[in-house]
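Everything below belongs to final_14.cif, which stores mmCIF, C-alpha atoms and all ligand atoms.
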```
data_model
loop_
_atom_site.label_atom_id
_atom_site.label_comp_id
_atom_site.auth_asym_id
_atom_site.auth_seq_id
_atom_site.Cartn_x
_atom_site.Cartn_y
_atom_site.Cartn_z
CA MET T 1 15.29 20.95 -10.02
CA PRO T 2 12.89 23.52 -8.47
CA SER T 3 12.40 23.17 -4.72
CA LYS T 4 9.05 21.71 -3.76
CA SER T 5 7.24 20.92 -0.56
CA ILE T 6 5.49 17.57 -0.72
CA LEU T 7 3.02 16.20 1.78
CA ILE T 8 3.10 12.40 1.82
CA THR T 9 0.23 10.96 3.88
CA GLY T 10 0.56 7.49 5.40
CA GLY T 11 4.35 7.72 5.19
CA ALA T 12 4.84 5.57 8.30
CA GLY T 13 3.07 2.62 6.68
CA PHE T 14 4.42 -0.03 4.35
CA ILE T 15 4.42 1.62 0.91
CA GLY T 16 4.52 5.15 2.33
CA SER T 17 7.80 4.52 4.20
CA HIS T 18 9.48 3.29 1.00
CA LEU T 19 8.20 6.36 -0.84
CA VAL T 20 9.31 8.79 1.87
CA ARG T 21 12.79 7.22 1.88
CA LEU T 22 13.06 7.37 -1.93
CA PHE T 23 12.02 11.03 -2.07
CA ILE T 24 14.22 12.15 0.85
CA LYS T 25 17.24 10.53 -0.78
CA SER T 26 16.53 11.36 -4.42
CA TYR T 27 15.42 14.97 -4.00
CA PRO T 28 17.47 16.87 -1.40
CA ASP T 29 15.90 20.13 -2.66
CA TYR T 30 12.38 18.99 -1.85
CA HIS T 31 10.97 19.14 1.64
CA ILE T 32 9.10 15.95 2.52
CA TYR T 33 6.35 16.20 5.14
CA ASN T 34 5.16 12.81 6.34
CA LEU T 35 1.68 13.09 7.87
CA ASP T 36 0.53 9.95 9.64
CA ALA T 37 -1.85 9.11 12.50
CA LEU T 38 0.35 6.15 13.54
CA THR T 39 -2.48 3.64 13.64
CA TYR T 40 -1.64 -0.03 14.27
CA ALA T 41 -0.19 -0.04 10.71
CA GLY T 42 2.01 3.04 11.07
CA ASN T 43 5.44 2.63 12.57
CA LEU T 44 8.20 5.24 12.76
CA GLU T 45 10.74 2.43 13.10
CA ASN T 46 10.20 2.01 9.34
CA LEU T 47 12.01 5.32 8.82
CA ARG T 48 14.81 5.25 11.43
CA ASP T 49 17.54 5.52 8.78
CA VAL T 50 16.20 8.80 7.33
CA GLU T 51 14.38 10.47 10.24
CA LYS T 52 17.17 13.00 10.84
CA ALA T 53 17.42 14.12 7.21
CA PRO T 54 17.32 17.94 6.90
CA ASN T 55 14.62 17.77 4.19
CA TYR T 56 12.19 15.72 6.31
CA THR T 57 9.47 16.56 8.85
CA PHE T 58 7.11 14.11 10.54
CA ILE T 59 3.64 15.36 11.50
CA LYS T 60 1.39 13.21 13.67
CA ALA T 61 -2.16 13.93 12.50
CA ASP T 62 -5.37 12.15 11.60
CA ILE T 63 -6.84 12.92 8.17
CA THR T 64 -10.35 12.50 9.58
CA ASN T 65 -9.75 15.70 11.60
CA GLN T 66 -10.60 18.48 9.11
CA HIS T 67 -9.88 21.29 11.56
CA HIS T 68 -6.37 20.04 12.29
CA LEU T 69 -5.70 19.56 8.58
CA GLU T 70 -6.74 23.15 7.83
CA GLU T 71 -4.32 24.44 10.48
CA LEU T 72 -1.51 22.34 9.05
CA PHE T 73 -2.17 23.46 5.47
CA GLN T 74 -2.14 27.11 6.59
CA LYS T 75 1.08 26.60 8.51
CA PHE T 76 3.10 24.52 6.04
CA LYS T 77 1.50 25.49 2.68
CA PHE T 78 2.06 22.02 1.18
CA GLU T 79 2.52 22.52 -2.57
CA ASN T 80 1.89 18.93 -3.60
CA ILE T 81 0.29 15.90 -2.01
CA ILE T 82 0.91 12.21 -2.49
CA HIS T 83 -1.91 10.58 -0.56
CA LEU T 84 -1.40 7.06 0.75
CA ALA T 85 -2.93 7.17 4.24
CA ALA T 86 -5.67 4.56 4.39
CA GLU T 87 -7.12 1.60 6.16
CA SER T 88 -5.69 -1.03 3.84
CA HIS T 89 -6.64 -4.57 4.91
CA VAL T 90 -9.65 -6.32 3.34
CA ASP T 91 -10.25 -8.63 6.32
CA ARG T 92 -10.42 -5.70 8.73
CA SER T 93 -12.84 -3.93 6.38
CA ILE T 94 -15.19 -6.90 6.65
CA THR T 95 -15.16 -6.61 10.45
CA ASP T 96 -15.35 -2.81 10.66
CA PRO T 97 -16.46 -1.13 7.39
CA LEU T 98 -17.14 2.24 9.03
CA ALA T 99 -13.47 2.74 9.91
CA PHE T 100 -12.76 2.46 6.17
CA VAL T 101 -15.45 5.01 5.31
CA LYS T 102 -14.00 7.44 7.84
CA THR T 103 -10.36 7.28 6.81
CA ASN T 104 -10.53 6.34 3.14
CA ILE T 105 -13.53 8.43 2.07
CA VAL T 106 -13.98 11.23 4.63
CA GLY T 107 -10.21 11.54 5.18
CA THR T 108 -9.58 11.87 1.44
CA LEU T 109 -12.37 14.44 1.17
CA ASN T 110 -10.85 16.45 4.01
CA LEU T 111 -7.48 16.50 2.23
CA LEU T 112 -9.11 17.49 -1.06
CA ASN T 113 -10.93 20.37 0.66
CA SER T 114 -7.80 21.63 2.43
CA PHE T 115 -5.76 21.43 -0.77
CA ARG T 116 -8.50 23.11 -2.85
CA ASP T 117 -9.01 25.91 -0.34
CA LEU T 118 -5.29 26.66 -0.13
CA TRP T 119 -4.54 26.78 -3.87
CA ARG T 120 -7.86 27.44 -5.65
CA SER T 121 -6.84 30.97 -6.71
CA ASP T 122 -4.04 29.43 -8.80
CA PHE T 123 -3.53 25.66 -9.06
CA GLU T 124 -0.55 26.09 -11.45
CA GLY T 125 2.38 23.93 -10.29
CA HIS T 126 0.33 22.03 -7.68
CA LEU T 127 -0.73 18.41 -7.72
CA PHE T 128 -2.93 16.05 -5.68
CA TYR T 129 -1.67 12.54 -6.40
CA HIS T 130 -4.00 9.85 -5.06
CA ILE T 131 -2.63 6.34 -4.53
CA SER T 132 -5.21 3.64 -5.12
CA THR T 133 -5.60 -0.03 -5.77
CA ASP T 134 -6.58 -2.40 -8.60
CA GLU T 135 -9.20 -3.85 -6.23
CA VAL T 136 -11.61 -1.06 -7.29
CA TYR T 137 -12.13 -2.96 -10.56
CA GLY T 138 -13.53 -6.04 -8.77
CA SER T 139 -12.65 -9.56 -9.80
CA LEU T 140 -11.46 -11.08 -13.10
CA GLY T 141 -12.34 -14.50 -14.52
CA GLU T 142 -9.66 -16.79 -15.96
CA GLU T 143 -8.89 -14.36 -18.81
CA GLY T 144 -8.26 -10.64 -19.25
CA LEU T 145 -6.50 -7.77 -17.48
CA PHE T 146 -7.65 -4.58 -15.76
CA THR T 147 -7.03 -1.47 -17.88
CA GLU T 148 -7.61 2.17 -16.94
CA THR T 149 -11.03 1.99 -18.64
CA THR T 150 -12.29 -1.13 -16.83
CA PRO T 151 -15.52 -0.15 -15.02
CA TYR T 152 -15.29 0.05 -11.24
CA SER T 153 -16.97 -2.89 -9.50
CA PRO T 154 -15.65 -3.12 -5.94
CA ASN T 155 -16.62 -6.16 -3.86
CA SER T 156 -15.21 -5.54 -0.38
CA PRO T 157 -15.81 -2.62 2.00
CA TYR T 158 -12.10 -1.81 1.53
CA SER T 159 -12.28 -1.64 -2.26
CA ALA T 160 -15.65 0.18 -2.13
CA SER T 161 -14.09 2.85 0.09
CA LYS T 162 -11.07 3.20 -2.20
CA ALA T 163 -13.34 3.35 -5.27
CA SER T 164 -15.36 6.08 -3.60
CA SER T 165 -12.22 8.09 -2.80
CA ASP T 166 -11.04 7.74 -6.43
CA HIS T 167 -14.42 9.08 -7.61
CA PHE T 168 -14.17 12.06 -5.26
CA VAL T 169 -10.68 12.90 -6.49
CA ARG T 170 -11.84 12.79 -10.11
CA ALA T 171 -14.98 14.80 -9.24
CA TYR T 172 -12.86 17.53 -7.62
CA GLY T 173 -10.85 17.64 -10.84
CA GLU T 174 -14.01 18.16 -12.89
CA THR T 175 -15.80 20.48 -10.46
CA TYR T 176 -13.01 22.66 -9.08
CA ASP T 177 -10.27 22.14 -11.73
CA LEU T 178 -8.16 20.61 -8.98
CA PRO T 179 -5.06 19.07 -10.61
CA TYR T 180 -4.96 15.37 -9.75
CA ILE T 181 -3.43 12.07 -10.78
CA ILE T 182 -4.63 8.63 -9.68
CA SER T 183 -2.70 5.39 -9.91
CA ASN T 184 -4.16 1.96 -9.21
CA CYS T 185 -1.59 -0.65 -8.26
CA SER T 186 -1.68 -4.41 -7.80
CA ASN T 187 -0.64 -6.27 -4.61
CA ASN T 188 2.68 -5.10 -3.18
CA TYR T 189 5.18 -7.11 -1.14
CA GLY T 190 8.57 -6.39 0.43
CA PRO T 191 10.25 -5.23 3.66
CA PHE T 192 8.21 -3.39 6.33
CA GLN T 193 4.83 -4.88 5.33
CA PHE T 194 2.56 -5.45 8.31
CA PRO T 195 2.17 -9.20 8.96
CA GLU T 196 -1.59 -9.23 8.44
CA LYS T 197 -1.13 -9.39 4.64
CA LEU T 198 -0.53 -12.71 2.92
CA ILE T 199 3.24 -12.72 2.35
CA PRO T 200 4.56 -11.38 5.69
CA LEU T 201 1.90 -13.32 7.62
CA MET T 202 3.05 -16.56 6.00
CA ILE T 203 6.74 -15.72 6.51
CA ASN T 204 6.14 -15.07 10.19
CA ASN T 205 4.06 -18.21 10.66
CA ILE T 206 6.61 -20.39 8.85
CA ILE T 207 9.41 -19.01 11.04
CA GLU T 208 7.31 -19.67 14.15
CA GLU T 209 6.16 -23.10 12.83
CA LYS T 210 2.52 -22.03 13.11
CA LYS T 211 -0.31 -23.17 10.82
CA LEU T 212 -0.54 -21.40 7.44
CA PRO T 213 -4.18 -20.28 7.04
CA VAL T 214 -5.23 -20.60 3.38
CA TYR T 215 -8.64 -19.15 2.51
CA GLY T 216 -10.90 -21.38 0.39
CA ASP T 217 -9.16 -23.54 -2.22
CA GLY T 218 -5.99 -21.38 -2.31
CA LYS T 219 -6.35 -20.86 -6.06
CA TYR T 220 -7.14 -17.15 -5.78
CA THR T 221 -4.74 -15.19 -7.96
CA ARG T 222 -2.89 -11.94 -7.28
CA ASP T 223 -0.49 -9.90 -9.46
CA TRP T 224 2.49 -9.25 -7.15
CA LEU T 225 4.76 -6.22 -7.42
CA TYR T 226 7.88 -5.54 -5.35
CA VAL T 227 7.25 -2.38 -3.30
CA GLU T 228 10.34 -0.57 -4.60
CA ASP T 229 9.01 -0.97 -8.15
CA HIS T 230 5.74 0.61 -7.03
CA VAL T 231 7.38 3.64 -5.41
CA LYS T 232 9.63 4.09 -8.45
CA ALA T 233 6.46 4.18 -10.59
CA ILE T 234 4.94 6.79 -8.22
CA ASP T 235 8.12 8.89 -8.54
CA MET T 236 8.03 8.73 -12.36
CA ILE T 237 4.29 9.45 -12.53
CA PHE T 238 4.56 12.35 -10.08
CA HIS T 239 7.27 13.97 -12.19
CA ASN T 240 6.10 13.15 -15.70
CA ALA T 241 2.35 12.54 -15.91
CA LYS T 242 -0.20 15.11 -17.01
CA PRO T 243 -2.80 16.12 -14.40
CA GLY T 244 -6.16 14.44 -14.94
CA GLU T 245 -4.59 11.10 -15.96
CA THR T 246 -4.89 7.72 -14.26
CA TYR T 247 -2.38 4.88 -14.50
CA ASN T 248 -2.50 1.19 -13.68
CA ILE T 249 0.67 -0.19 -12.08
CA GLY T 250 1.50 -3.90 -12.14
CA GLY T 251 4.21 -6.33 -13.10
CA LEU T 252 2.38 -9.00 -15.17
CA ASN T 253 3.25 -11.36 -12.35
CA GLU T 254 0.28 -13.57 -11.49
CA TRP T 255 0.51 -16.26 -8.86
CA LYS T 256 -2.07 -18.40 -7.10
CA ASN T 257 -1.93 -18.01 -3.31
CA LEU T 258 -0.90 -21.63 -2.78
CA GLU T 259 2.00 -21.24 -5.22
CA VAL T 260 3.24 -18.19 -3.31
CA ILE T 261 2.95 -20.00 0.02
CA ARG T 262 4.84 -23.02 -1.33
CA LEU T 263 7.62 -20.78 -2.63
CA LEU T 264 7.92 -19.16 0.81
CA CYS T 265 8.04 -22.60 2.46
CA GLN T 266 10.84 -23.69 0.12
CA ILE T 267 12.89 -20.53 0.66
CA LEU T 268 12.53 -20.71 4.43
CA ASP T 269 13.23 -24.45 4.66
CA ARG T 270 16.50 -23.75 2.85
CA LYS T 271 17.40 -20.63 4.87
CA LEU T 272 16.49 -22.22 8.22
CA ASN T 273 18.22 -25.53 7.40
CA ARG T 274 14.97 -27.46 7.67
CA GLU T 275 14.46 -30.62 5.64
CA ALA T 276 12.79 -29.85 2.27
CA GLY T 277 9.00 -30.17 2.58
CA THR T 278 8.89 -29.46 6.33
CA SER T 279 7.05 -26.13 6.25
CA GLU T 280 4.48 -27.12 3.59
CA LYS T 281 3.04 -29.49 6.19
CA LEU T 282 1.83 -26.39 8.06
CA ILE T 283 -0.59 -25.47 5.23
CA ASN T 284 -4.11 -25.35 6.66
CA PHE T 285 -7.19 -24.70 4.48
CA ILE T 286 -9.73 -22.57 6.33
CA LYS T 287 -13.13 -20.99 5.66
CA ASP T 288 -13.08 -18.61 2.70
CA ARG T 289 -13.09 -14.83 3.00
CA PRO T 290 -16.61 -13.48 2.23
CA GLY T 291 -16.78 -11.71 -1.15
CA HIS T 292 -13.28 -13.01 -1.97
CA ASP T 293 -12.10 -11.67 -5.37
CA ARG T 294 -10.92 -14.57 -7.53
CA ARG T 295 -8.30 -12.91 -9.66
CA TYR T 296 -6.56 -9.57 -10.10
CA ALA T 297 -4.23 -8.79 -13.02
CA ILE T 298 -3.06 -5.44 -14.28
CA ASP T 299 -2.35 -4.15 -17.76
CA SER T 300 0.22 -1.36 -17.24
CA ALA T 301 0.89 -0.75 -20.95
CA LYS T 302 -0.16 2.92 -20.67
CA LEU T 303 2.41 3.52 -17.91
CA LYS T 304 5.15 1.78 -19.91
CA LEU T 305 4.33 3.62 -23.11
CA GLU T 306 3.75 7.13 -21.76
CA ILE T 307 6.09 7.23 -18.76
CA GLY T 308 8.65 4.53 -19.58
CA TRP T 309 8.27 2.55 -16.35
CA SER T 310 8.80 -1.18 -16.03
CA PRO T 311 9.42 -3.30 -12.93
CA ALA T 312 13.03 -4.10 -12.05
CA HIS T 313 12.50 -7.05 -9.70
CA ASP T 314 11.78 -10.62 -10.67
CA PHE T 315 9.29 -12.25 -8.23
CA LYS T 316 11.49 -15.07 -6.96
CA GLU T 317 14.40 -12.68 -6.44
CA GLY T 318 12.05 -10.20 -4.68
CA LEU T 319 10.74 -12.96 -2.39
CA GLU T 320 14.31 -13.99 -1.48
CA ILE T 321 15.14 -10.39 -0.53
CA THR T 322 11.88 -10.06 1.42
CA VAL T 323 12.28 -13.31 3.37
CA GLN T 324 15.90 -12.43 4.19
CA TRP T 325 14.76 -8.98 5.39
CA TYR T 326 12.21 -10.51 7.79
CA LEU T 327 14.86 -12.96 9.08
CA ASP T 328 17.31 -10.10 9.61
CA ASN T 329 14.69 -7.88 11.27
CA GLN T 330 13.19 -10.20 13.84
CA LYS T 331 13.24 -7.37 16.40
CA TRP T 332 10.98 -5.24 14.15
CA LEU T 333 8.69 -8.21 13.59
CA LYS T 334 8.53 -9.27 17.24
CA HIS T 335 7.79 -5.72 18.32
CA ILE T 336 4.87 -5.53 15.90
CA ILE T 337 3.35 -8.87 16.75
CA SER T 338 3.64 -8.39 20.50
CA GLY T 339 0.68 -6.06 21.02
CA ASP T 340 -2.72 -5.69 19.38
CA TYR T 341 -1.65 -8.03 16.59
CA ARG T 342 -2.13 -11.00 18.91
CA LYS T 343 -5.72 -9.96 19.62
CA TYR T 344 -6.36 -9.39 15.91
CA TYR T 345 -4.87 -12.76 15.00
CA LYS T 346 -6.96 -14.54 17.60
CA SER T 347 -10.23 -13.04 16.41
CA GLN T 348 -9.44 -13.40 12.68
CA TYR T 349 -8.18 -16.98 12.78
CA SER T 350 -9.89 -18.24 15.97
CA GLU T 351 -6.54 -19.30 17.44
P1 LIG N 401 -0.51 0.46 5.43
O1 LIG N 401 -1.75 -0.03 6.11
O2 LIG N 401 0.78 -0.27 5.62
O3 LIG N 401 -0.22 1.97 5.87
C1 LIG N 401 -1.23 2.93 5.99
C2 LIG N 401 -0.67 4.12 6.74
O4 LIG N 401 -1.73 5.11 6.84
C3 LIG N 401 -0.23 3.82 8.16
O5 LIG N 401 1.02 4.42 8.42
C4 LIG N 401 -1.31 4.42 9.03
O6 LIG N 401 -0.86 4.87 10.30
C5 LIG N 401 -1.77 5.59 8.17
N1 LIG N 401 -3.15 5.98 8.48
C6 LIG N 401 -4.24 5.17 8.57
N2 LIG N 401 -5.33 5.89 8.90
C7 LIG N 401 -4.93 7.19 8.99
C8 LIG N 401 -5.59 8.41 9.29
N3 LIG N 401 -6.90 8.44 9.58
N4 LIG N 401 -4.87 9.55 9.27
C9 LIG N 401 -3.56 9.54 8.97
N5 LIG N 401 -2.86 8.41 8.72
C10 LIG N 401 -3.55 7.25 8.72
O7 LIG N 401 -0.90 0.58 3.91
P2 LIG N 401 -0.04 0.31 2.59
O8 LIG N 401 -0.11 -1.12 2.25
O9 LIG N 401 1.29 0.96 2.73
O10 LIG N 401 -0.92 1.10 1.52
C11 LIG N 401 -0.72 2.49 1.30
C12 LIG N 401 -1.68 2.97 0.23
O11 LIG N 401 -1.49 2.24 -0.97
C13 LIG N 401 -3.15 2.78 0.61
O12 LIG N 401 -3.87 3.91 0.16
C14 LIG N 401 -3.58 1.53 -0.14
O13 LIG N 401 -4.94 1.57 -0.46
C15 LIG N 401 -2.70 1.65 -1.39
N6 LIG N 401 -2.35 0.37 -2.04
C16 LIG N 401 -1.81 -0.65 -1.31
C17 LIG N 401 -1.44 -1.83 -1.95
C18 LIG N 401 -0.81 -2.97 -1.19
O14 LIG N 401 -0.60 -4.04 -1.76
N7 LIG N 401 -0.43 -2.81 0.06
C19 LIG N 401 -1.65 -1.97 -3.32
C20 LIG N 401 -2.22 -0.90 -4.03
C21 LIG N 401 -2.55 0.27 -3.38
P1 LIG N 402 -4.07 -9.93 1.19
O1 LIG N 402 -2.60 -9.91 1.43
O2 LIG N 402 -5.00 -9.69 2.33
O3 LIG N 402 -4.35 -8.91 -0.01
P2 LIG N 402 -5.71 -8.64 -0.84
O4 LIG N 402 -6.83 -9.38 -0.25
O5 LIG N 402 -5.86 -7.17 -0.69
O6 LIG N 402 -5.39 -9.07 -2.23
O7 LIG N 402 -4.45 -11.34 0.58
C1 LIG N 402 -3.86 -11.82 -0.62
C2 LIG N 402 -4.53 -13.14 -0.97
O8 LIG N 402 -4.20 -14.11 0.03
C3 LIG N 402 -6.06 -13.07 -0.99
O9 LIG N 402 -6.55 -13.92 -2.03
C4 LIG N 402 -6.47 -13.63 0.36
C5 LIG N 402 -5.37 -14.65 0.65
N1 LIG N 402 -5.08 -14.87 2.10
C6 LIG N 402 -5.13 -16.17 2.63
O10 LIG N 402 -5.43 -17.14 1.93
N2 LIG N 402 -4.85 -16.31 3.97
C7 LIG N 402 -4.54 -15.25 4.77
O11 LIG N 402 -4.31 -15.46 5.99
C8 LIG N 402 -4.47 -13.93 4.20
C9 LIG N 402 -4.12 -12.74 5.04
C10 LIG N 402 -4.74 -13.80 2.85
#
```
Write out the structure in this file as C-alpha cells.
Ligand code: NAD
Ligand code: TYD
Amino acid sequence: MPSKSILITGGAGFIGSHLVRLFIKSYPDYHIYNLDALTYAGNLENLRDVEKAPNYTFIKADITNQHHLEELFQKFKFENIIHLAAESHVDRSITDPLAFVKTNIVGTLNLLNSFRDLWRSDFEGHLFYHISTDEVYGSLGEEGLFTETTPYSPNSPYSASKASSDHFVRAYGETYDLPYIISNCSNNYGPFQFPEKLIPLMINNIIEEKKLPVYGDGKYTRDWLYVEDHVKAIDMIFHNAKPGETYNIGGLNEWKNLEVIRLLCQILDRKLNREAGTSEKLINFIKDRPGHDRRYAIDSAKLKLEIGWSPAHDFKEGLEITVQWYLDNQKWLKHIISGDYRKYYKSQYSE
C-alpha cells in the first residue's frame, strides 16, 4: 500500500473519532492528521486509546480561519482530505443558523481553496472526500427512498448549510477539476455520540430517570446506521470510488422515534434491574421541532453494487452495544454533561 497523508477534519467528534481510529489501526503506512477546533462536540477523550500512535498527529485549528489553514497546508502538504468537521445538530441550527453558515459553508470553502491551491498544478493521486447527510434531500412521505439523483430540498438551517457545502464541492470539481467524492449518510448511532442527539440523550435521561422529551407525535421516522458501518463505508469509498461520484449510505433500517425510545427503555429496564415498563412512564410529548422532517430513508444500492458495502450490525444488536457502552462509560458521559450541556438542555427543553 503506498504511503499517504490524510487530513481528517472533525476527528474529535462522534463519527470522526471512529474514522480516525479505523484508519490509524488499518493503515500503519498512512499518516493521519486530525484537525479539529474542539468545539463543545469535539472531545479528545474519544481518542485516548490511539493518541500515541506513531502515524497520528492532532492539530487544533478552526476551519473558518483561512489564514491558519493555508499555513497548515503549506507545512504538512496533506495529500488527501476526508472532511467531517461541522456543526451537526438540527436544534442548534434553529437557534443559531449563522454558526452553521460559518463552519459548514465558509469552513468547507476554506478547505477547498487550500486544497486546490496546494495541488492545482497536478491533482493526480489527491482526493477531497466530503462527508454529508441524507437531510439535504428534505423529507419523504410514507413511500420511497432517497437516491443519489433525488433533488436537494433542505428544510433546516443545518441541512441547508450541508446542501450548500455539497454544491460547493461539486462546483469546485466542475470549475477547477478538483477531485472529489461526496457521500450522504443517514442517522448514525453508537459510542461517543454527544447526548444532544436522540439516542444518547434518551439513554442518559433513562439512566437518570429524567423525562424523555418526544417532539410532536413521535412518529417521525429515521433510517439508523451503526457508526462503525458508516466509517467502514467511508473507508471503502475512499479507496475504491472514482472521483466525481456521490454515494448514499444507509442500512434500510427505518424506525419511528417512539419505537426507538421504547426499545431503549426496555433494554435499560433489563440492564438496570428495573421492573419492565418503568422507564416508558418517563415519555413526555413536547412541542414539535419547527420544520421537522417527517421521514428519511436511504437507497444505498449504488454503494452495494459498485463498492460492495453492506452494513454488518443489526439495529437491536447495535442498540445493545451502544447502551452497554454508555453504562460502562459513565465518567465520559458525566464529564460531557457537566458543563455547557446543562445550559443547552435548560434552554432547549425549558427544564
Ligand atoms: P459531531 O458534532 O459529533 O462532531 C463534529 C466535530 O467537528 C467536532 O469534533 C467539532 O469540534 C468539530 N468542529 C466543529 N466546528 C469546527 C470548526 N469550525 N473547525 C474545526 N472543527 C470543527 O458531528 P458528527 O455527528 O460526528 O458528524 C460528522 C460529520 O458527519 C458532519 O459533517 C455531519 O454533517 C455528517 N453526518 C452526520 C450524521 C450523524 O448522524 N451524526 C449523519 C450523516 C452525516
Ligand atoms: P436527532 O438525533 O436530532 O437527528 P436528526 O434531527 O438530525 O434526524 O433527532 C432524531 C429524531 O428524534 C428527530 O425526528 C427529532 C427527534 N427528537 C425528539 O423527539 N426529541 C429529542 O429530544 C431529540 C434530540 C430528537
task = Residues up to 10 Å from ligand LIG 402 (chain N), counting all atoms listed in the file: could you list those as a ChimeraX atom specification?
result = /T:88-92,133-135,156,158-159,186-189,193-202,205,211-224,255-258,260-261,284-289,292-296,345,348-349
Between region 48-131 of chain T and region 167-170 of chain T, at 8 Å or less, what are the per-residue closest atom pairs and their distances in Å? Count all atoms listed in the file, order by chain and rising residue number, and return it as CSV.
```
residue,atom,partner,partner_atom,distance
T:Leu109,CA,T:Phe168,CA,7.1
T:Leu112,CA,T:Val169,CA,7.3
T:His130,CA,T:Val169,CA,7.5
```
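Among the candidate residues T:Lys52, T:Asn80, T:Leu225, T:Leu178, the one lying nearest to ligand LIG 401 (chain N) is T:Leu225, with distances computed using all atoms listed in the file.
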task = Pick out the residues sitting within 12 Å of Arg274 (chain T), and hand them over as a list in words; count only C-alpha atoms, and ignore anything fewer than 4 positions along from it in its own chain.
result = Ile206, Ile207, Glu209, Cys265, Gln266, Ile267, Leu268, Asp269, Arg270, Thr278, Ser279 and Glu280 of chain T
Using only C-alpha atoms and all ligand atoms, find each residue in chain T having at least one atom no more than 8 Å away from ligand LIG 401 (chain N); report its shortest atom-to-atom pair and that distance in Å (one decimal), rows by chain then rising number, as a Markdown table.
```
| residue | atom | partner | partner_atom | distance |
| --- | --- | --- | --- | --- |
| T:Thr9 | CA | N:LIG401 | N5 | 6.3 |
| T:Gly10 | CA | N:LIG401 | O4 | 3.6 |
| T:Gly11 | CA | N:LIG401 | O5 | 5.7 |
| T:Ala12 | CA | N:LIG401 | O5 | 4.0 |
| T:Gly13 | CA | N:LIG401 | O5 | 3.2 |
| T:Phe14 | CA | N:LIG401 | O9 | 3.7 |
| T:Ile15 | CA | N:LIG401 | O9 | 3.7 |
| T:Gly16 | CA | N:LIG401 | O9 | 5.3 |
| T:Ser17 | CA | N:LIG401 | O9 | 7.6 |
| T:Leu35 | CA | N:LIG401 | C9 | 6.4 |
| T:Asp36 | CA | N:LIG401 | N5 | 3.8 |
| T:Ala37 | CA | N:LIG401 | C9 | 3.9 |
| T:Leu38 | CA | N:LIG401 | O6 | 3.7 |
| T:Thr39 | CA | N:LIG401 | O6 | 3.9 |
| T:Tyr40 | CA | N:LIG401 | O6 | 6.4 |
| T:Ala41 | CA | N:LIG401 | C3 | 4.6 |
| T:Gly42 | CA | N:LIG401 | O5 | 3.1 |
| T:Asn43 | CA | N:LIG401 | O5 | 6.3 |
| T:Lys60 | CA | N:LIG401 | C9 | 7.7 |
| T:Ala61 | CA | N:LIG401 | C9 | 5.8 |
| T:Asp62 | CA | N:LIG401 | N4 | 3.5 |
| T:Ile63 | CA | N:LIG401 | N4 | 4.1 |
| T:Thr64 | CA | N:LIG401 | N3 | 5.3 |
| T:His83 | CA | N:LIG401 | O12 | 7.0 |
| T:Leu84 | CA | N:LIG401 | O12 | 4.0 |
| T:Ala85 | CA | N:LIG401 | O4 | 3.5 |
| T:Ala86 | CA | N:LIG401 | C6 | 4.5 |
| T:Glu87 | CA | N:LIG401 | C6 | 5.2 |
| T:Ser88 | CA | N:LIG401 | O1 | 4.7 |
| T:His89 | CA | N:LIG401 | O1 | 6.8 |
| T:Lys102 | CA | N:LIG401 | N3 | 7.4 |
| T:Thr103 | CA | N:LIG401 | N3 | 4.6 |
| T:Asn104 | CA | N:LIG401 | N3 | 7.7 |
| T:Gly107 | CA | N:LIG401 | N3 | 6.3 |
| T:His130 | CA | N:LIG401 | O12 | 7.9 |
| T:Ile131 | CA | N:LIG401 | O12 | 5.4 |
| T:Ser132 | CA | N:LIG401 | C21 | 4.6 |
| T:Thr133 | CA | N:LIG401 | C21 | 3.9 |
| T:Asp134 | CA | N:LIG401 | C20 | 6.5 |
| T:Glu135 | CA | N:LIG401 | C20 | 7.9 |
| T:Lys162 | CA | N:LIG401 | O13 | 6.6 |
| T:Asn184 | CA | N:LIG401 | C20 | 6.2 |
| T:Cys185 | CA | N:LIG401 | C20 | 4.3 |
| T:Ser186 | CA | N:LIG401 | C19 | 5.1 |
| T:Asn187 | CA | N:LIG401 | O14 | 3.6 |
| T:Asn188 | CA | N:LIG401 | O14 | 3.7 |
| T:Tyr189 | CA | N:LIG401 | O14 | 6.6 |
| T:Gln193 | CA | N:LIG401 | O2 | 6.1 |
| T:Phe194 | CA | N:LIG401 | O2 | 6.1 |
```
request  = State, in Å with one decimal place, the distance from CA of Ile81 (chain T) to CA of Ser121 (chain T).
outcome  =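 Between CA of Ile81 (chain T) and CA of Ser121 (chain T) the gap works out to 17.3 Å.
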Using only C-alpha atoms: which of T:Asp122, T:Glu148, T:Glu45, T:Asp117 has the shortest distance to Ala301 (chain T) = T:Glu148
ask   = Got a sec: who's within 9 Å of Ile6 (chain T), counting all atoms listed in the file, leaving out chain neighbours fewer than 4 positions off, as a ChimeraX atom specification?
value = /T:30-34,78-82
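Picture a line from CA of Ile182 (chain T) to CA of Glu317 (chain T); it runs 28.8 Å.
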request  = With a distance cut-off of 6 Å and only C-alpha atoms, select the neighbouring residues of Ile298 (chain T), excluding the residue or stretch itself and same-chain residues fewer than 6 positions from it, and output the selection as an NGL selection string.
outcome  = :T and (145-146 or 250)
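For the choices T:Ala99, T:Ile336, T:Leu303, T:Leu263, the atom-to-atom distance to Leu44 (chain T) is smallest for T:Ile336 when using only C-alpha atoms.
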Counting only C-alpha atoms, give me one row per residue of region 125-157 of chain T with an atom at most 10 Å from an atom of region 238-241 of chain T, showing the shortest contact pair and its distance in Å to one decimal, sorted by chain then residue number, as CSV.
```
residue,atom,partner,partner_atom,distance
T:Leu127,CA,T:Phe238,CA,8.4
T:Phe128,CA,T:Phe238,CA,9.4
T:Tyr129,CA,T:Phe238,CA,7.2
```
